[in-house]
Amino acid sequence: MSSAPERDESERTTDPAARPADPAARPADPAAGAAGRSERAAEQLLVARSLLDELGLVARWSRYGDVTVVGSVGIGVVVAPDIDLEVRGEVRVADGFAVMAALAELPKVRRITYLDARDRHERGQYWKLEYELTDAVTWTVDTWVFDPGAPGGGALTAAVRDALGVEERDVVLMIKEEAAAVGERAPGYWLYQAVLDGGVRSYAEFRGWLGDRNIYERTGWLPTI
């Protein structure tokens, strides 16, 4: 990871007691408004970064390719306990299994699944890791592995992060929390587009705006700044 071998960064762990408590473990206070939503998102972001650090995911995958944190954690609008990573490089399936084999030894990693989607529209390898933070809260880490030249979410993540103003950021968090409260998800790719380009300001408006779109479709949209 001499007198004692230097510890590999990818194997670094932290004391679970030192991690910030997951705010998803307590009910949201609707009366707290924008300030409360911002605080909860900030706390969720701290948890996500702590888990990335504890699991050493960026360092582990960096042995095989370029790693980007995308999605809500990359943008900084975290509500659901999910982390999204993209890896680009000449990564063999065996390399992914090597990364996950080490992670599977960790006591709170409960499940790891793999999907070979290289011959499908995604054109990549997909790994899902489930980490049991507490008895009530499980975080998932979704990792897509692509060839070096494949398009991905890094540019979108950076563009949305720069385009979201204070008001738009709060609307995104509000819609995500409203969706979560009724057991649904607001797909980020379409949500950012609806708020930034469509003027959507509520979950009801978002559902109307989304209509019957295929939520798995990607159109190459980027926000205009």
# chains A, B, ... in the order shown; residues from 1 in each chain; ligands from 1

call {"tool": "select_by_dssp", "arguments": {"residues": "stretch 55-141 of chain A", "states": "helix (DSSP H, G or I)", "output": "MDAnalysis selection string"}}
result
chainID A and resid 55 57:62 71:75 93:104

call {"tool": "select_by_dssp", "arguments": {"residues": "stretch 8-212 of chain A", "states": "strand (DSSP E)", "output": "PyMOL selection string"}}
result
chain A and resi 66-70+82-88+109-117+124-132+138-146

call {"tool": "residues_around", "arguments": {"residues": "A:Tyr192", "least_positions_apart": "6", "cutoff": "9 Å", "atoms": "only C-alpha atoms", "output": "list in words"}}
result
Val160, Leu164, Glu168, Val172 and Pro223 of chain A

call {"tool": "residues_around", "arguments": {"residues": "A:Leu52", "least_positions_apart": "6", "cutoff": "10 Å", "atoms": "only C-alpha atoms", "output": "list of chain:residue names"}}
result
A:Thr13, A:Leu46, A:Val58, A:Ala59, A:Val69, A:Ile83, A:Val141

call {"tool": "write_last_selection", "arguments": {"atoms": "all heavy atoms", "output": "CSV table (one decimal), in the first residue's frame"}}
result
chain,number,residue,atom,x,y,z
A,13,THR,N,-8.5,2.4,3.9
A,13,THR,CA,-9.9,2.4,4.5
A,13,THR,C,-9.9,3.5,5.6
A,13,THR,O,-8.9,3.9,6.1
A,13,THR,CB,-10.2,1.0,5.1
A,13,THR,OG1,-9.2,0.7,6.1
A,13,THR,CG2,-10.2,0.0,4.0
A,46,LEU,N,-20.9,14.4,1.3
A,46,LEU,CA,-19.8,14.0,2.2
A,46,LEU,C,-19.8,12.5,2.4
A,46,LEU,O,-18.7,11.9,2.4
A,46,LEU,CB,-20.0,14.7,3.5
A,46,LEU,CG,-19.6,16.2,3.6
A,46,LEU,CD1,-19.9,16.8,5.0
A,46,LEU,CD2,-18.2,16.4,3.2
A,58,VAL,N,-11.6,5.1,-7.0
A,58,VAL,CA,-10.9,5.8,-8.1
A,58,VAL,C,-9.5,5.3,-8.2
A,58,VAL,O,-9.0,5.0,-9.4
A,58,VAL,CB,-10.9,7.3,-7.7
A,58,VAL,CG1,-10.0,8.1,-8.7
A,58,VAL,CG2,-12.3,7.9,-7.7
A,59,ALA,N,-8.8,5.0,-7.1
A,59,ALA,CA,-7.4,4.5,-7.2
A,59,ALA,C,-7.4,3.1,-7.8
A,59,ALA,O,-6.5,2.8,-8.6
A,59,ALA,CB,-6.8,4.5,-5.9
A,69,VAL,N,-16.0,10.7,-11.9
A,69,VAL,CA,-17.2,10.7,-11.0
A,69,VAL,C,-18.2,11.5,-11.8
A,69,VAL,O,-18.1,12.7,-12.0
A,69,VAL,CB,-16.9,11.2,-9.6
A,69,VAL,CG1,-18.2,11.1,-8.8
A,69,VAL,CG2,-15.8,10.5,-9.0
A,83,ILE,N,-23.8,6.4,-6.3
A,83,ILE,CA,-22.6,7.0,-6.8
A,83,ILE,C,-22.4,6.4,-8.2
A,83,ILE,O,-22.6,5.2,-8.4
A,83,ILE,CB,-21.4,6.6,-6.0
A,83,ILE,CG1,-21.6,7.2,-4.6
A,83,ILE,CG2,-20.1,7.2,-6.6
A,83,ILE,CD1,-20.5,6.7,-3.6
A,141,VAL,N,-22.9,1.7,-6.0
A,141,VAL,CA,-21.9,2.3,-6.8
A,141,VAL,C,-22.1,1.7,-8.2
A,141,VAL,O,-21.9,0.5,-8.4
A,141,VAL,CB,-20.5,2.1,-6.3
A,141,VAL,CG1,-19.5,2.8,-7.2
A,141,VAL,CG2,-20.4,2.6,-4.9

call {"tool": "residues_around", "arguments": {"residues": "stretch 34-45 of chain A", "least_positions_apart": "3", "cutoff": "6 Å", "atoms": "only C-alpha atoms", "output": "PyMOL selection string"}}
result
chain A and resi 48+77-79

call {"tool": "write_last_selection", "arguments": {"atoms": "all heavy atoms", "output": "short mmCIF file (atom, residue, chain, number, x, y, z; two decimals), in the first residue's frame"}}
result
data_model
loop_
_atom_site.label_atom_id
_atom_site.label_comp_id
_atom_site.auth_asym_id
_atom_site.auth_seq_id
_atom_site.Cartn_x
_atom_site.Cartn_y
_atom_site.Cartn_z
N ALA A 48 -20.92 10.24 0.27
CA ALA A 48 -20.47 9.64 -0.99
C ALA A 48 -18.96 9.74 -1.14
O ALA A 48 -18.30 8.76 -1.51
CB ALA A 48 -21.17 10.34 -2.16
N VAL A 77 -25.55 17.25 -6.40
CA VAL A 77 -26.98 17.33 -6.07
C VAL A 77 -27.46 15.93 -5.64
O VAL A 77 -28.32 15.33 -6.26
CB VAL A 77 -27.82 17.86 -7.26
CG1 VAL A 77 -27.62 19.36 -7.42
CG2 VAL A 77 -27.46 17.13 -8.55
N VAL A 78 -26.91 15.46 -4.54
CA VAL A 78 -27.13 14.07 -4.12
C VAL A 78 -28.34 13.97 -3.20
O VAL A 78 -28.40 14.64 -2.17
CB VAL A 78 -25.89 13.52 -3.39
CG1 VAL A 78 -26.04 12.02 -3.18
CG2 VAL A 78 -24.62 13.84 -4.17
N VAL A 79 -29.28 13.13 -3.57
CA VAL A 79 -30.42 12.80 -2.72
C VAL A 79 -30.41 11.29 -2.45
O VAL A 79 -30.32 10.86 -1.32
CB VAL A 79 -31.75 13.24 -3.37
CG1 VAL A 79 -32.95 12.71 -2.55
CG2 VAL A 79 -31.82 14.77 -3.44
#

call {"tool": "closest_residue", "arguments": {"among": "A:Pro81, A:Gly96, A:Gly33, A:Gly199", "to": "A:Gln125", "atoms": "only C-alpha atoms"}}
result
A:Gly96

call {"tool": "residues_around", "arguments": {"residues": "A:Tyr114", "least_positions_apart": "2", "cutoff": "8 Å", "atoms": "only C-alpha atoms", "output": "number ranges by chain"}}
result
A: 112, 116, 125-128

call {"tool": "residues_around", "arguments": {"residues": "A:Ala101", "least_positions_apart": "2", "cutoff": "12 Å", "atoms": "only C-alpha atoms", "output": "ChimeraX atom specification"}}
result
/A:60,94-99,103-106,109,111-114,127,129

call {"tool": "write_last_selection", "arguments": {"atoms": "N, CA, C and O atoms", "output": "PDB file, in the first residue's frame"}}
result
ATOM      1  N   ARG A  60      -8.343   2.279  -7.431  1.00  0.00           N
ATOM      2  CA  ARG A  60      -8.356   0.903  -7.931  1.00  0.00           C
ATOM      3  C   ARG A  60      -8.576   0.862  -9.443  1.00  0.00           C
ATOM      4  O   ARG A  60      -7.872   0.171 -10.186  1.00  0.00           O
ATOM      5  N   ALA A  94     -11.431  -9.255 -17.130  1.00  0.00           N
ATOM      6  CA  ALA A  94     -10.656  -9.798 -16.007  1.00  0.00           C
ATOM      7  C   ALA A  94     -10.152  -8.695 -15.087  1.00  0.00           C
ATOM      8  O   ALA A  94     -10.025  -8.902 -13.872  1.00  0.00           O
ATOM      9  N   ASP A  95      -9.866  -7.514 -15.656  1.00  0.00           N
ATOM     10  CA  ASP A  95      -9.420  -6.396 -14.820  1.00  0.00           C
ATOM     11  C   ASP A  95     -10.533  -5.956 -13.879  1.00  0.00           C
ATOM     12  O   ASP A  95     -10.300  -5.669 -12.698  1.00  0.00           O
ATOM     13  N   GLY A  96     -11.752  -5.904 -14.404  1.00  0.00           N
ATOM     14  CA  GLY A  96     -12.886  -5.538 -13.561  1.00  0.00           C
ATOM     15  C   GLY A  96     -13.113  -6.543 -12.455  1.00  0.00           C
ATOM     16  O   GLY A  96     -13.382  -6.181 -11.303  1.00  0.00           O
ATOM     17  N   PHE A  97     -12.979  -7.818 -12.786  1.00  0.00           N
ATOM     18  CA  PHE A  97     -13.137  -8.847 -11.755  1.00  0.00           C
ATOM     19  C   PHE A  97     -12.037  -8.738 -10.699  1.00  0.00           C
ATOM     20  O   PHE A  97     -12.269  -8.999  -9.520  1.00  0.00           O
ATOM     21  N   ALA A  98     -10.849  -8.317 -11.113  1.00  0.00           N
ATOM     22  CA  ALA A  98      -9.761  -8.146 -10.146  1.00  0.00           C
ATOM     23  C   ALA A  98     -10.089  -7.014  -9.170  1.00  0.00           C
ATOM     24  O   ALA A  98      -9.852  -7.126  -7.956  1.00  0.00           O
ATOM     25  N   VAL A  99     -10.626  -5.914  -9.696  1.00  0.00           N
ATOM     26  CA  VAL A  99     -11.021  -4.796  -8.835  1.00  0.00           C
ATOM     27  C   VAL A  99     -12.093  -5.244  -7.848  1.00  0.00           C
ATOM     28  O   VAL A  99     -12.020  -4.997  -6.638  1.00  0.00           O
ATOM     29  N   LEU A 103     -12.665  -5.838  -3.473  1.00  0.00           N
ATOM     30  CA  LEU A 103     -13.746  -5.144  -2.762  1.00  0.00           C
ATOM     31  C   LEU A 103     -14.704  -6.130  -2.094  1.00  0.00           C
ATOM     32  O   LEU A 103     -15.278  -5.841  -1.040  1.00  0.00           O
ATOM     33  N   ALA A 104     -14.879  -7.290  -2.691  1.00  0.00           N
ATOM     34  CA  ALA A 104     -15.803  -8.286  -2.139  1.00  0.00           C
ATOM     35  C   ALA A 104     -15.363  -8.793  -0.773  1.00  0.00           C
ATOM     36  O   ALA A 104     -16.179  -9.333  -0.020  1.00  0.00           O
ATOM     37  N   GLU A 105     -14.092  -8.621  -0.453  1.00  0.00           N
ATOM     38  CA  GLU A 105     -13.589  -9.045   0.846  1.00  0.00           C
ATOM     39  C   GLU A 105     -13.983  -8.098   1.976  1.00  0.00           C
ATOM     40  O   GLU A 105     -13.891  -8.451   3.151  1.00  0.00           O
ATOM     41  N   LEU A 106     -14.415  -6.885   1.625  1.00  0.00           N
ATOM     42  CA  LEU A 106     -14.754  -5.897   2.648  1.00  0.00           C
ATOM     43  C   LEU A 106     -16.085  -6.255   3.304  1.00  0.00           C
ATOM     44  O   LEU A 106     -17.047  -6.631   2.620  1.00  0.00           O
ATOM     45  N   VAL A 109     -19.533  -4.697   2.005  1.00  0.00           N
ATOM     46  CA  VAL A 109     -19.902  -4.890   0.600  1.00  0.00           C
ATOM     47  C   VAL A 109     -20.778  -6.134   0.524  1.00  0.00           C
ATOM     48  O   VAL A 109     -20.316  -7.249   0.727  1.00  0.00           O
ATOM     49  N   ARG A 111     -23.154  -7.000  -2.085  1.00  0.00           N
ATOM     50  CA  ARG A 111     -23.463  -7.625  -3.375  1.00  0.00           C
ATOM     51  C   ARG A 111     -22.703  -6.911  -4.483  1.00  0.00           C
ATOM     52  O   ARG A 111     -22.554  -5.686  -4.471  1.00  0.00           O
ATOM     53  N   ILE A 112     -22.234  -7.703  -5.455  1.00  0.00           N
ATOM     54  CA  ILE A 112     -21.579  -7.170  -6.645  1.00  0.00           C
ATOM     55  C   ILE A 112     -22.175  -7.898  -7.846  1.00  0.00           C
ATOM     56  O   ILE A 112     -22.255  -9.134  -7.853  1.00  0.00           O
ATOM     57  N   THR A 113     -22.593  -7.143  -8.863  1.00  0.00           N
ATOM     58  CA  THR A 113     -23.134  -7.763 -10.071  1.00  0.00           C
ATOM     59  C   THR A 113     -22.421  -7.194 -11.296  1.00  0.00           C
ATOM     60  O   THR A 113     -21.911  -6.073 -11.272  1.00  0.00           O
ATOM     61  N   TYR A 114     -22.411  -7.994 -12.373  1.00  0.00           N
ATOM     62  CA  TYR A 114     -21.723  -7.611 -13.599  1.00  0.00           C
ATOM     63  C   TYR A 114     -22.636  -7.843 -14.793  1.00  0.00           C
ATOM     64  O   TYR A 114     -23.347  -8.853 -14.857  1.00  0.00           O
ATOM     65  N   TRP A 127     -20.743  -2.589 -13.802  1.00  0.00           N
ATOM     66  CA  TRP A 127     -20.557  -3.188 -12.477  1.00  0.00           C
ATOM     67  C   TRP A 127     -21.422  -2.443 -11.468  1.00  0.00           C
ATOM     68  O   TRP A 127     -21.448  -1.212 -11.444  1.00  0.00           O
ATOM     69  N   LEU A 129     -22.090  -2.279  -7.315  1.00  0.00           N
ATOM     70  CA  LEU A 129     -21.649  -2.672  -5.969  1.00  0.00           C
ATOM     71  C   LEU A 129     -22.625  -2.107  -4.957  1.00  0.00           C
ATOM     72  O   LEU A 129     -23.003  -0.939  -5.047  1.00  0.00           O
TER      73      LEU A 129
END

call {"tool": "atom_distance", "arguments": {"atom1": "atom CA of A:Arg169", "atom2": "atom CA of A:Ser202"}}
result
12.4 Å

call {"tool": "closest_residue", "arguments": {"among": "A:Leu222, A:Leu55, A:Ala80, A:Val91", "to": "A:Ile175", "atoms": "only C-alpha atoms"}}
result
A:Ala80

call {"tool": "atom_distance", "arguments": {"atom1": "atom CA of A:Glu177", "atom2": "atom CA of A:Tyr203"}}
result
9.1 Å

call {"tool": "closest_residue", "arguments": {"among": "A:Leu57, A:Asp197, A:Val182, A:Tyr189", "to": "A:Arg213", "atoms": "only C-alpha atoms"}}
result
A:Tyr189

call {"tool": "closest_atom_pairs", "arguments": {"of": "stretch 106-222 of chain A", "to": "stretch 85-88 of chain A", "cutoff": "12 Å", "atoms": "only C-alpha atoms", "output": "JSON lines"}}
result
{"residue": "A:Arg123", "atom": "CA", "partner": "A:Arg88", "partner_atom": "CA", "distance": 11.7}
{"residue": "A:Gly124", "atom": "CA", "partner": "A:Arg88", "partner_atom": "CA", "distance": 9.6}
{"residue": "A:Gln125", "atom": "CA", "partner": "A:Val87", "partner_atom": "CA", "distance": 9.5}
{"residue": "A:Tyr126", "atom": "CA", "partner": "A:Glu86", "partner_atom": "CA", "distance": 9.5}
{"residue": "A:Trp127", "atom": "CA", "partner": "A:Leu85", "partner_atom": "CA", "distance": 9.7}
{"residue": "A:Lys128", "atom": "CA", "partner": "A:Leu85", "partner_atom": "CA", "distance": 10.2}
{"residue": "A:Leu129", "atom": "CA", "partner": "A:Leu85", "partner_atom": "CA", "distance": 11.3}
{"residue": "A:Thr140", "atom": "CA", "partner": "A:Leu85", "partner_atom": "CA", "distance": 10.9}
{"residue": "A:Val141", "atom": "CA", "partner": "A:Leu85", "partner_atom": "CA", "distance": 7.4}
{"residue": "A:Asp142", "atom": "CA", "partner": "A:Leu85", "partner_atom": "CA", "distance": 6.2}
{"residue": "A:Thr143", "atom": "CA", "partner": "A:Leu85", "partner_atom": "CA", "distance": 4.6}
{"residue": "A:Trp144", "atom": "CA", "partner": "A:Glu86", "partner_atom": "CA", "distance": 4.9}
{"residue": "A:Val145", "atom": "CA", "partner": "A:Val87", "partner_atom": "CA", "distance": 4.6}
{"residue": "A:Phe146", "atom": "CA", "partner": "A:Arg88", "partner_atom": "CA", "distance": 4.9}
{"residue": "A:Asp147", "atom": "CA", "partner": "A:Arg88", "partner_atom": "CA", "distance": 5.5}
{"residue": "A:Pro148", "atom": "CA", "partner": "A:Arg88", "partner_atom": "CA", "distance": 4.9}
{"residue": "A:Gly149", "atom": "CA", "partner": "A:Arg88", "partner_atom": "CA", "distance": 7.8}
{"residue": "A:Ala150", "atom": "CA", "partner": "A:Arg88", "partner_atom": "CA", "distance": 7.8}
{"residue": "A:Pro151", "atom": "CA", "partner": "A:Arg88", "partner_atom": "CA", "distance": 9.6}
{"residue": "A:Gly152", "atom": "CA", "partner": "A:Glu86", "partner_atom": "CA", "distance": 7.5}
{"residue": "A:Gly153", "atom": "CA", "partner": "A:Glu86", "partner_atom": "CA", "distance": 7.6}
{"residue": "A:Gly154", "atom": "CA", "partner": "A:Glu86", "partner_atom": "CA", "distance": 8.0}
{"residue": "A:Ala155", "atom": "CA", "partner": "A:Glu86", "partner_atom": "CA", "distance": 11.7}
{"residue": "A:Thr157", "atom": "CA", "partner": "A:Leu85", "partner_atom": "CA", "distance": 11.2}

call {"tool": "write_last_selection", "arguments": {"atoms": "C-alpha atoms", "output": "PDB file, in the first residue's frame"}}
result
ATOM      1  CA  ARG A 123     -21.300  -0.400 -25.512  1.00  0.00           C
ATOM      2  CA  GLY A 124     -19.670  -1.060 -22.175  1.00  0.00           C
ATOM      3  CA  GLN A 125     -19.151  -3.227 -19.127  1.00  0.00           C
ATOM      4  CA  TYR A 126     -21.358  -2.506 -16.114  1.00  0.00           C
ATOM      5  CA  TRP A 127     -20.557  -3.188 -12.477  1.00  0.00           C
ATOM      6  CA  LYS A 128     -22.904  -2.598  -9.546  1.00  0.00           C
ATOM      7  CA  LEU A 129     -21.649  -2.672  -5.969  1.00  0.00           C
ATOM      8  CA  THR A 140     -24.902   1.603  -4.593  1.00  0.00           C
ATOM      9  CA  VAL A 141     -21.941   2.321  -6.833  1.00  0.00           C
ATOM     10  CA  ASP A 142     -22.687   2.011 -10.553  1.00  0.00           C
ATOM     11  CA  THR A 143     -19.575   1.789 -12.711  1.00  0.00           C
ATOM     12  CA  TRP A 144     -19.573   1.795 -16.512  1.00  0.00           C
ATOM     13  CA  VAL A 145     -16.369   0.774 -18.287  1.00  0.00           C
ATOM     14  CA  PHE A 146     -15.981   2.054 -21.853  1.00  0.00           C
ATOM     15  CA  ASP A 147     -13.374   1.990 -24.595  1.00  0.00           C
ATOM     16  CA  PRO A 148     -11.098   5.068 -24.690  1.00  0.00           C
ATOM     17  CA  GLY A 149     -12.972   6.872 -27.469  1.00  0.00           C
ATOM     18  CA  ALA A 150     -16.514   6.167 -26.312  1.00  0.00           C
ATOM     19  CA  PRO A 151     -18.767   9.132 -25.448  1.00  0.00           C
ATOM     20  CA  GLY A 152     -19.670   9.448 -21.799  1.00  0.00           C
ATOM     21  CA  GLY A 153     -21.091  11.554 -19.017  1.00  0.00           C
ATOM     22  CA  GLY A 154     -18.023  13.541 -18.010  1.00  0.00           C
ATOM     23  CA  ALA A 155     -18.742  16.513 -20.273  1.00  0.00           C
ATOM     24  CA  THR A 157     -21.579  16.379 -15.589  1.00  0.00           C
TER      25      THR A 157
END

call {"tool": "atom_distance", "arguments": {"atom1": "atom CA of A:Leu196", "atom2": "atom CA of A:Glu122"}}
result
25.4 Å
